[in-house]
Amino acid sequence: MPPDPRRARLLREALDLPTADRDAFVAEACGDDADLLDSLRRLLALDAATGLPLDQSAEAHAIDLLADDSEPDPRLRAGVRIGAYRLVRELGKGGMGSVWLAERADGQFSQQVALKLIRIGMDSEHVQRQFRRERALLARLQHPNIAQLIDGGIDERGRPWFAMEYIDGISLGAWIETVQPDLHARLELFAKLCRAVAHAHRQLVVHRDLKPSNVLVQSDGEPRLLDFGIARLVENDDSERTATMQRFLTRDFAAPEQLRGEPGGTSTDVYALGLILFEILTGERYRRLHVEGEATLRPSATLDNVTRAPSATITRTRLRGDLDAIALRALAEDPARRYADARQLADDVQRHLDGKPIEARPDGFAYRAAKFVRRNRAAVIATVLGLAALLVASGVAFRQAVQKTTEAERARSALRQSEVVNQFMLSVFGTADPNSGKGVDTSAGALLAAGRERATTELAAEPGVAATVLHQIGQTYVSLGEDRLARATLAQALEFNERAQSPSLSIAAAAGGRLAYYAFQDGQAERALDELDAIVERLDAVADPDEDVVNALGKTHELRGSILYATGRKEASRAAGEAAVAAWRRVRDHYPAGFLFSEIGLADLNAALGYGESALEGAERVLADPLATSRDVPPALLAHARGVKARALQALGRHAEAEPMLRATIEEFSQQHGADAALTRYWRFRHAETLHALGRLDEAQAVADAVLALPSDGSAAYRRTRVEVLAAAIARDRNAADAPARIDAATLAACGESGNAELCAKAQSLSPGP
Amino acid sequence: MSTHAENTAALLQRCAGGDEGAYGELFELIYADLHRRAQHLGVGAGATLSTTALVHETFLRLAGTRLTLNDRTHFFHLAARAMRRVLIDASRRRNARKRGDGAAGLTLDTGLVAPGQDLDLVALDQALEDLAANEPRMAQVVELHFYAGLEFTEIAGMLDLSERTIARDWRAARALLHVSLSEQHDASHAP
């Protein structure tokens, strides 16, 4: 039956009216035509609905369709090399790209990885730089229940790829089907997932695409989370890309705010965990049962409708009460009513397992906090990064302090502190206007700036808390390469730390060390060394140092070493390097990367000072160390060790052996960090040196000049100057016409403010004698 | 002006003069360009997989920037229609393949699977044809907004209507299309 021709016209007219008047209008216009009225009412209801297929524009459909329609990329096949990996076989394919089993291609050690290739290219240099920064943050994310991001890069066509630890396991759904775990086992596994997510949140990483298929269960029963942070990594600040990525979210596991098109934050992950919990408890997919707009479904109520219970241990009685309450809180439509972070969710599940009262009760602390959030219109809290998690974590710590003490006075003080932290958290993340349409400014920069500003003012009365927050923000700035902001923030962290009742030694060492380094970069080497000596003294004074203190000691010695070296005190710097290695050796199992890097650093130093044999031994020791291939050590370490081995060979005059190793090192560093990164420049400089020594003068000149042609990266001027001196020496040996001019310019730089005695002497020696 | 642009401008002139052949020729030109580039999406350098960008790029490649508003409007109508056909053709091929091997659609969940399956583009095409029969302007708004990705303001400028009217037309069309999509769906799944 063709539709009533009046229908479209009446619909248009109704839509022109205020919402409240529409129903009366259509009722009036339809008269006694009940069919037409029904039809119009249905249309008006649809108008109010969100998330209909047409709301995605053709784009979302096109990507999937055309991806499927186009021929498979012929360049992707077994044997093809991507980064340091060789593709073995395709594990799967989706609209966004494909996943391959791959293995290390450089034969250094055997490592299987899951390589994910994203088909959407990243075109701009800006986006690629952002990608590298984010990747660096993600690489720090290490947890036994999270599949480690091992490597990543952008191929020559601008498409990003990620190498992740290859997990041999079955999906969560298959685990439930085949293992048929009892309720207790399910909840224990779930609590592990929550703690893994909470760990990531504390590292400022949100997942945003949590779902059962992203959870693999190993044969030992340990769950592993896949794809952490990948959604964010691909999005970056490119809003168009973000919009595209959001269309790839699996609707069944997206939070309400994501369906509205807002970016996800920590409470988005909490919601997704709620969906997973629901499925773990009932065997049913929440979104398939829940009707949009209706009240949150209780897991226990669902059991009435399923024909067979997911496990004999799962009964309505056991779900009713705590588990219902936990699921309801995690699945609240309003982000502000959910658990503030995954840690709180994990804690509640654990409390239930331990038979303790849970927090997710109407009179509980979480509820009161949620109410506070609501009053402050801070629903937007959901849309921001994980800094909230850090703050909530301190809140948890304070609550634990309350439980431990019986003194009422201290309890009150701790509670007040936790309120302070909570209020602080809300005020930082509640500043956006939810009515502005755009939602909050989710850029990490704006968030960190707001956090810093508020921490210094509103947490002033709690210096210990303020120091922790500021230190975390400062270190994030360091990771992002925002030196100026890092400096100012870390200085504040130190200040607050010293005002705290019991200052944290690790904050004092980490923030103090970084500031000393900045002072050195400014040319205040003596001041930097004094500060570092003071830190060493303080750390040495600890009677029974734990791993963290020893780690801080190692780092501080290493910094001292590099400053001493740069200011020409070579033997002293060697002693500092040895002290660093000695400290780290004591905690090598706790800090394998720290230890191995210190060994490499010392070997590098030995090579620089002409102790070629010690240098070669050191580098080879690292390459042979079983720790070097352990999970906790970034693959870049091996690349570095190989570079230092080449440098040792250089020092021993074995340039012909060093040259190909340097070339390989440069290639590896370019892949990892980009061709103009400081480390890549360094190895290119060394390469030019060796080519020079081998008499391959034109090549040497080309390499050195290429480094000089790169834009300044803000690193110490002497690094550039030494390349300049080298380039001048090469030019002289080539009898190049511009050699005299180059020598003059290099001498000027090397003997001026940014030079040092050694470089100056070297440059002066290039000039023909009088 | 490039030869592409000259050619396009001439064709548009002839279209304006009521030349049916020119209309068809221009459509095929646009379709071929969109189709070829859509096929290469994801395997080319820096591909962004955006239909909006595709349509705009096609515009720049084929027409340049010096068209009159009238010609621009014409061009985008054609481009929107061509994009609609590109997607329909791809959907039909996929449906045919699915019938062919039975197991199609069984892709491993890589964590990044598109939700595009929610919408049956062939059914949408039919629904849009039906809508165009009675409400040609609403159908036009759908083509320009949904397929070509134009903003309401741009469409308003082209059709010489207020933005509010365009937005209202879109909302009405959206609701009507969803109703007819679910009717089609129910009909095809009826026992």
# chains A, B, ... in the order shown; residues from 1 in each chain; ligands from 1
>>> residues_around(residues="Glu163 (chain B)", least_positions_apart="2", cutoff="6 Å", atoms="only C-alpha atoms", output="number ranges by chain")
B: 152-153, 156, 165-166
>>> atom_distance(atom1="CA of Val622 (chain A)", atom2="CA of Val703 (chain A)")
28.4 Å
>>> select_by_dssp(residues="region 506-570 of chain A", states="helix (DSSP H, G or I)", output="number ranges by chain")
A: 506-521, 525-540, 547-566, 570
>>> closest_residue(among="B:Val122, B:Leu159, B:Leu34, B:Ala5", to="Ser91 (chain B)", atoms="only C-alpha atoms")
B:Val122
>>> atom_distance(atom1="CA of Ala185 (chain A)", atom2="CA of Leu277 (chain A)")
12.6 Å
>>> residues_around(residues="Met158 (chain B)", least_positions_apart="5", cutoff="10 Å", atoms="only C-alpha atoms", output="CSV table (one decimal) with all heavy atoms, in the first residue's frame")
chain,number,residue,atom,x,y,z
B,69,LEU,N,28.0,29.3,-9.5
B,69,LEU,CA,27.2,28.6,-8.5
B,69,LEU,C,26.3,27.6,-9.1
B,69,LEU,O,26.1,26.4,-8.6
B,69,LEU,CB,26.4,29.6,-7.6
B,69,LEU,CG,25.6,28.9,-6.5
B,69,LEU,CD1,26.5,28.2,-5.5
B,69,LEU,CD2,24.7,29.9,-5.8
B,70,ASN,N,25.6,28.0,-10.2
B,70,ASN,CA,24.7,27.1,-10.8
B,70,ASN,C,25.3,25.8,-11.3
B,70,ASN,O,24.8,24.7,-11.1
B,70,ASN,CB,24.0,27.9,-12.0
B,70,ASN,CG,22.8,27.2,-12.4
B,70,ASN,OD1,22.1,26.5,-11.6
B,70,ASN,ND2,22.4,27.4,-13.7
B,71,ASP,N,26.5,26.0,-11.9
B,71,ASP,CA,27.2,24.8,-12.4
B,71,ASP,C,27.7,23.9,-11.3
B,71,ASP,O,27.7,22.7,-11.3
B,71,ASP,CB,28.4,25.2,-13.3
B,71,ASP,CG,27.9,25.6,-14.7
B,71,ASP,OD1,26.7,25.3,-15.0
B,71,ASP,OD2,28.7,26.2,-15.5
B,72,ARG,N,28.2,24.6,-10.2
B,72,ARG,CA,28.6,23.9,-9.0
B,72,ARG,C,27.5,23.0,-8.5
B,72,ARG,O,27.7,21.8,-8.2
B,72,ARG,CB,29.0,24.9,-7.9
B,72,ARG,CG,30.4,25.2,-7.8
B,72,ARG,CD,30.5,26.3,-6.7
B,72,ARG,NE,30.4,25.6,-5.3
B,72,ARG,CZ,31.4,25.2,-4.6
B,72,ARG,NH1,32.6,25.4,-5.1
B,72,ARG,NH2,31.3,24.7,-3.5
B,73,THR,N,26.3,23.6,-8.3
B,73,THR,CA,25.2,22.9,-7.8
B,73,THR,C,24.9,21.6,-8.7
B,73,THR,O,24.7,20.5,-8.1
B,73,THR,CB,24.0,23.8,-7.8
B,73,THR,OG1,24.3,25.0,-7.2
B,73,THR,CG2,22.8,23.2,-7.2
B,74,HIS,N,25.0,21.9,-9.9
B,74,HIS,CA,24.7,20.8,-10.9
B,74,HIS,C,25.7,19.7,-10.7
B,74,HIS,O,25.4,18.5,-10.7
B,74,HIS,CB,24.8,21.4,-12.3
B,74,HIS,CG,23.8,20.9,-13.2
B,74,HIS,ND1,22.7,21.6,-13.5
B,74,HIS,CD2,23.6,19.7,-13.8
B,74,HIS,CE1,21.9,20.9,-14.3
B,74,HIS,NE2,22.4,19.7,-14.5
B,76,PHE,N,27.6,18.9,-8.1
B,76,PHE,CA,27.4,18.2,-6.9
B,76,PHE,C,26.2,17.2,-6.9
B,76,PHE,O,26.3,16.2,-6.3
B,76,PHE,CB,27.4,19.1,-5.6
B,76,PHE,CG,28.8,19.5,-5.2
B,76,PHE,CD1,29.4,20.7,-5.4
B,76,PHE,CD2,29.6,18.5,-4.5
B,76,PHE,CE1,30.6,21.0,-4.9
B,76,PHE,CE2,30.9,18.8,-4.1
B,76,PHE,CZ,31.4,20.0,-4.3
B,77,HIS,N,25.2,17.7,-7.5
B,77,HIS,CA,24.1,16.7,-7.7
B,77,HIS,C,24.5,15.5,-8.4
B,77,HIS,O,24.2,14.3,-7.9
B,77,HIS,CB,22.9,17.4,-8.5
B,77,HIS,CG,22.1,18.3,-7.7
B,77,HIS,ND1,21.3,19.3,-8.2
B,77,HIS,CD2,22.0,18.4,-6.3
B,77,HIS,CE1,20.7,20.0,-7.3
B,77,HIS,NE2,21.1,19.4,-6.1
B,152,PHE,N,24.6,21.2,5.8
B,152,PHE,CA,23.3,21.9,5.6
B,152,PHE,C,23.5,23.3,5.0
B,152,PHE,O,22.8,23.7,4.1
B,152,PHE,CB,22.5,22.0,6.8
B,152,PHE,CG,22.0,20.6,7.3
B,152,PHE,CD1,21.8,20.4,8.7
B,152,PHE,CD2,21.8,19.5,6.5
B,152,PHE,CE1,21.4,19.1,9.2
B,152,PHE,CE2,21.5,18.3,6.9
B,152,PHE,CZ,21.3,18.1,8.3
B,153,THR,N,24.5,24.0,5.5
B,153,THR,CA,24.7,25.4,4.9
B,153,THR,C,25.0,25.3,3.4
B,153,THR,O,24.5,26.1,2.7
B,153,THR,CB,25.8,26.1,5.6
B,153,THR,OG1,26.8,25.2,6.0
B,153,THR,CG2,25.4,26.9,6.8
>>> atom_distance(atom1="CA of Gly612 (chain A)", atom2="CA of Lys645 (chain A)")
9.6 Å
>>> residues_around(residues="region 511-523 of chain A", least_positions_apart="3", cutoff="10 Å", atoms="only C-alpha atoms", output="PyMOL selection string")
chain A and resi 470-472+474-475+478+483-484+486-494+497+505-508+526-536+552+555-557+559-560+562-563+566-567+714-717+753-754
>>> closest_residue(among="B:Thr68, B:Leu62, B:His35, B:His56", to="chain A", atoms="only C-alpha atoms")
B:His35
>>> residues_around(residues="Arg499 (chain A)", least_positions_apart="3", cutoff="8 Å", atoms="only C-alpha atoms", output="ChimeraX atom specification")
/A:463-464,495-496,503
>>> write_last_selection(atoms="N, CA, C and O atoms", output="mmCIF file, in the first residue's frame")
data_model
loop_
_atom_site.group_PDB
_atom_site.id
_atom_site.type_symbol
_atom_site.label_atom_id
_atom_site.label_comp_id
_atom_site.auth_asym_id
_atom_site.auth_seq_id
_atom_site.Cartn_x
_atom_site.Cartn_y
_atom_site.Cartn_z
ATOM 1 N N PRO A 463 50.186 19.271 50.545
ATOM 2 C CA PRO A 463 51.364 19.309 49.667
ATOM 3 C C PRO A 463 51.784 17.931 49.134
ATOM 4 O O PRO A 463 52.244 17.839 47.995
ATOM 5 N N GLY A 464 51.586 16.876 49.932
ATOM 6 C CA GLY A 464 51.998 15.546 49.468
ATOM 7 C C GLY A 464 51.193 15.123 48.256
ATOM 8 O O GLY A 464 51.721 14.601 47.270
ATOM 9 N N GLU A 495 58.759 21.576 45.029
ATOM 10 C CA GLU A 495 58.429 22.526 46.078
ATOM 11 C C GLU A 495 57.391 21.938 47.032
ATOM 12 O O GLU A 495 57.568 21.957 48.246
ATOM 13 N N PHE A 496 56.326 21.402 46.447
ATOM 14 C CA PHE A 496 55.264 20.825 47.284
ATOM 15 C C PHE A 496 55.775 19.603 48.037
ATOM 16 O O PHE A 496 55.441 19.378 49.184
ATOM 17 N N PRO A 503 58.373 13.884 52.834
ATOM 18 C CA PRO A 503 58.611 14.033 51.396
ATOM 19 C C PRO A 503 58.959 12.702 50.744
ATOM 20 O O PRO A 503 59.637 11.872 51.352
#
>>> residues_around(residues="region 595-605 of chain A", least_positions_apart="6", cutoff="8 Å", atoms="only C-alpha atoms", output="ChimeraX atom specification")
/A:558,574,577-578,580-581,584-585,587-588,614-619,622,628,637,640-641,644,647-648
